[in-house]
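Novice: Sending over entry.txt (compact mmCIF, C-alpha atoms).
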```txt
# COMPACT_ATOMS: atom_id res chain seq x y z
CA MET L 1 15.45 -112.37 20.08
CA THR L 2 11.73 -112.28 19.38
CA HIS L 3 9.62 -109.15 19.04
CA ALA L 4 7.82 -110.06 22.27
CA SER L 5 11.11 -110.14 24.18
CA LEU L 6 12.34 -106.73 22.99
CA PRO L 7 12.75 -103.99 25.58
CA VAL L 8 10.17 -101.20 25.42
CA ILE L 9 11.23 -97.59 24.92
CA SER L 10 9.36 -94.37 24.23
CA THR L 11 11.23 -92.08 21.84
CA GLN L 12 8.55 -89.40 22.24
CA THR L 13 9.48 -88.36 25.77
CA ALA L 14 11.54 -85.41 26.97
CA ALA L 15 13.95 -87.86 28.64
CA PHE L 16 14.71 -89.60 25.33
CA ILE L 17 14.87 -86.38 23.31
CA ASN L 18 17.19 -84.67 25.82
CA ASP L 19 19.52 -87.61 26.45
CA PRO L 20 18.80 -90.74 24.40
CA ASN L 21 22.03 -92.41 25.53
CA ALA L 22 20.84 -92.33 29.14
CA LEU L 23 18.00 -94.65 28.08
CA VAL L 24 19.65 -96.84 25.44
CA GLY L 25 23.10 -96.97 27.00
CA ARG L 26 26.57 -96.56 25.60
CA GLY L 27 29.22 -98.88 24.23
CA PRO L 28 28.92 -102.60 23.50
CA GLY L 29 26.00 -103.15 25.92
CA ARG L 30 23.92 -100.44 24.26
CA MET L 31 20.31 -101.25 23.34
CA THR L 32 20.13 -101.67 19.54
CA VAL L 33 16.51 -102.76 18.96
CA ALA L 34 13.41 -101.98 20.99
CA LYS L 35 9.63 -101.86 20.81
CA GLY L 36 8.75 -98.19 20.48
CA ASP L 37 5.90 -95.78 19.97
CA TYR L 38 5.61 -96.62 16.26
CA GLY L 39 6.72 -100.22 16.20
CA THR L 40 10.21 -101.67 16.18
CA GLU L 41 12.88 -99.02 16.74
CA LEU L 42 16.36 -99.54 15.27
CA LEU L 43 18.75 -97.74 17.60
CA SER L 44 22.11 -98.20 15.89
CA TYR L 45 23.48 -96.74 12.68
CA GLU L 46 24.62 -100.18 11.56
CA LEU L 47 21.13 -101.70 11.85
CA VAL L 48 19.53 -98.74 10.08
CA GLN L 49 22.06 -99.02 7.27
CA GLN L 50 21.42 -102.77 6.93
CA ALA L 51 17.67 -102.16 6.88
CA PHE L 52 17.91 -99.56 4.11
CA LEU L 53 20.07 -101.89 2.05
CA ASP L 54 17.60 -104.78 2.46
CA LYS L 55 15.46 -105.05 -0.69
CA ARG L 56 12.53 -106.29 1.39
CA LEU L 57 12.20 -102.84 2.98
CA GLY L 58 10.52 -100.80 0.30
CA PRO L 59 8.68 -97.53 0.38
CA ARG L 60 5.41 -97.60 2.28
CA THR L 61 2.37 -97.02 0.17
CA ALA L 62 -0.13 -94.25 0.81
CA ALA L 63 -2.73 -96.94 1.52
CA SER L 64 -0.64 -98.50 4.31
CA LEU L 65 -0.09 -95.07 5.86
CA ILE L 66 -3.78 -94.18 5.69
CA THR L 67 -4.61 -97.51 7.35
CA GLY L 68 -2.15 -96.59 10.09
CA GLY L 69 -3.93 -93.27 10.66
CA ALA L 70 -1.50 -90.92 8.92
CA THR L 71 -2.67 -87.34 8.48
CA ALA L 72 -2.66 -85.55 5.13
CA MET L 73 0.53 -83.70 6.11
CA VAL L 74 2.32 -86.96 6.94
CA LEU L 75 1.17 -88.51 3.67
CA GLU L 76 2.48 -85.54 1.69
CA PHE L 77 5.84 -85.63 3.47
CA VAL L 78 6.31 -89.36 2.95
CA THR L 79 5.18 -89.38 -0.68
CA GLU L 80 6.73 -86.07 -1.75
CA GLY L 81 9.38 -85.01 0.73
CA ASN L 82 11.14 -87.96 2.34
CA LEU L 83 13.80 -89.06 -0.14
CA ASN L 84 14.29 -92.43 1.61
CA MET L 85 10.63 -93.36 1.20
CA LEU L 86 10.06 -92.23 -2.39
CA PRO L 87 9.43 -94.78 -5.12
CA LYS L 88 12.73 -95.77 -6.77
CA GLU L 89 12.11 -93.89 -10.05
CA LYS L 90 11.33 -90.62 -8.28
CA HIS L 91 14.15 -91.12 -5.75
CA ASP L 92 16.71 -91.71 -8.51
CA ARG L 93 15.59 -88.62 -10.47
CA ILE L 94 15.80 -86.33 -7.43
CA ARG L 95 19.06 -87.92 -6.28
CA ARG L 96 20.71 -87.18 -9.64
CA ILE L 97 19.73 -83.51 -9.30
CA ALA L 98 20.91 -83.29 -5.68
CA VAL L 99 24.24 -85.01 -6.38
CA ALA L 100 24.89 -82.62 -9.26
CA ALA L 101 24.11 -79.60 -7.06
CA PHE L 102 26.00 -80.73 -3.94
CA ASN L 103 29.49 -81.42 -5.19
CA ALA L 104 32.84 -79.75 -4.49
CA ARG L 105 32.62 -77.46 -7.53
CA GLY L 106 29.11 -76.37 -6.54
CA PHE L 107 30.19 -75.58 -2.99
CA ASP L 108 33.27 -73.71 -4.18
CA SER L 109 31.09 -71.51 -6.39
CA ILE L 110 29.01 -70.29 -3.41
CA ARG L 111 31.70 -70.34 -0.72
CA ARG L 112 32.31 -66.55 -0.88
CA VAL L 113 28.59 -65.77 -0.67
CA VAL L 114 28.08 -68.10 2.31
CA ASN L 115 31.18 -66.76 4.08
CA GLY L 116 29.96 -63.19 3.52
CA LEU L 117 26.52 -64.00 4.94
CA ALA L 118 28.04 -65.76 7.95
CA ASN L 119 30.35 -62.81 8.63
CA ASP L 120 27.44 -60.35 8.37
CA LEU L 121 25.41 -62.41 10.85
CA LEU L 122 28.33 -62.66 13.27
CA ASP L 123 29.01 -58.90 12.99
CA ASP L 124 25.32 -58.26 13.77
CA PHE L 125 25.47 -60.54 16.86
CA ILE L 126 28.63 -58.79 18.07
CA ALA L 127 27.10 -55.34 17.50
CA ARG L 128 24.12 -56.36 19.68
CA GLY L 129 26.45 -57.68 22.39
CA GLN L 130 25.51 -61.32 21.95
```
Starting from the coordinates I provided, produce the structure as structure tokens.
Specialist:
Amino acid sequence: MTHASLPVISTQTAAFINDPNALVGRGPGRMTVAKGDYGTELLSYELVQQAFLDKRLGPRTAASLITGGATAMVLEFVTEGNLNMLPKEKHDRIRRIAVAAFNARGFDSIRRVVNGLANDLLDDFIARGQ
């Protein structure tokens, strides 16, 4: 399949946001790749996973984003906030911190606090008749 022969889909419409499966389909005949608003859209978890594992897909540079018309907010998010797009060194450093914080022992240590907050919120909803 060539890029020119790909189906066209807009992921920025209410129809797609409200029910993407109505547009891309379900099951084995489901659309998996399409031309979209921002280029080629990968519409299956398997393809996205393969793409992220492919060494040829590296982080975009600020220069390539600026050329594409990215705003300052988008640039900041991609370079500072989107873990998947960070340079490897920065990604690995942040990942080590996140993995250490989000493990079973870490969750167990805050479980009572989270349960207490959830119960307080639910009690408040019930008290207001919601």
Novice: I want to know what sits within 8 Å of segment 29-40 of chain L, based on only C-alpha atoms, with residues of the same chain fewer than 4 positions away left out; could you give that as a list in words?
Specialist: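 Here the qualifying residues turn out to be His3, Leu6, Pro7, Val8, Ile9, Ser10, Thr11, Gln12, Val24, Gly25, Ser44 and Leu47 of chain L.
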Novice: Within 7 Å of segment 53-68 of chain L, counting all atoms listed in the file, which residues qualify if same-chain residues fewer than 3 places away don't, as a list in words?
Specialist: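 Near segment 53-68 of chain L, the qualifying residues are Gln49, Gln50, Leu75, Met85, Leu86 and Pro87 of chain L.
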Novice: Can you work out which one of L:Ala100, L:Ala4, L:Leu43, L:Ala70 has the shortest atom-to-atom distance to Arg26 of chain L, counting all atoms listed in the file?
Specialist: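 Looking at the shortest contact to Arg26 of chain L, the residue is L:Leu43.
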Novice: Atom CA of His91 of chain L and atom CA of Val78 of chain L are how many Å apart?
Specialist: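 Distance between the two atoms: 11.8 Å.
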Novice: As an exercise, work out the distance from atom CA of Leu121 of chain L to atom CA of Ile97 of chain L in Å and give it to one decimal place.
Specialist: 29.7 Å
Novice: Report, in Å to a single decimal, how far apart atom CA of Val114 of chain L and atom CA of Phe102 of chain L are.
Specialist: 14.2 Å
Novice: Could you work out an axis-aligned box for segment 94-99 of chain L, taking every atom the file lists and adding 4 Å on each side, and report centre and edge lengths in Å to one decimal, as JSON?
Specialist:
```
{"center_x": 20.0, "center_y": -85.6, "center_z": -7.7, "size_x": 16.4, "size_y": 12.6, "size_z": 12.0}
```
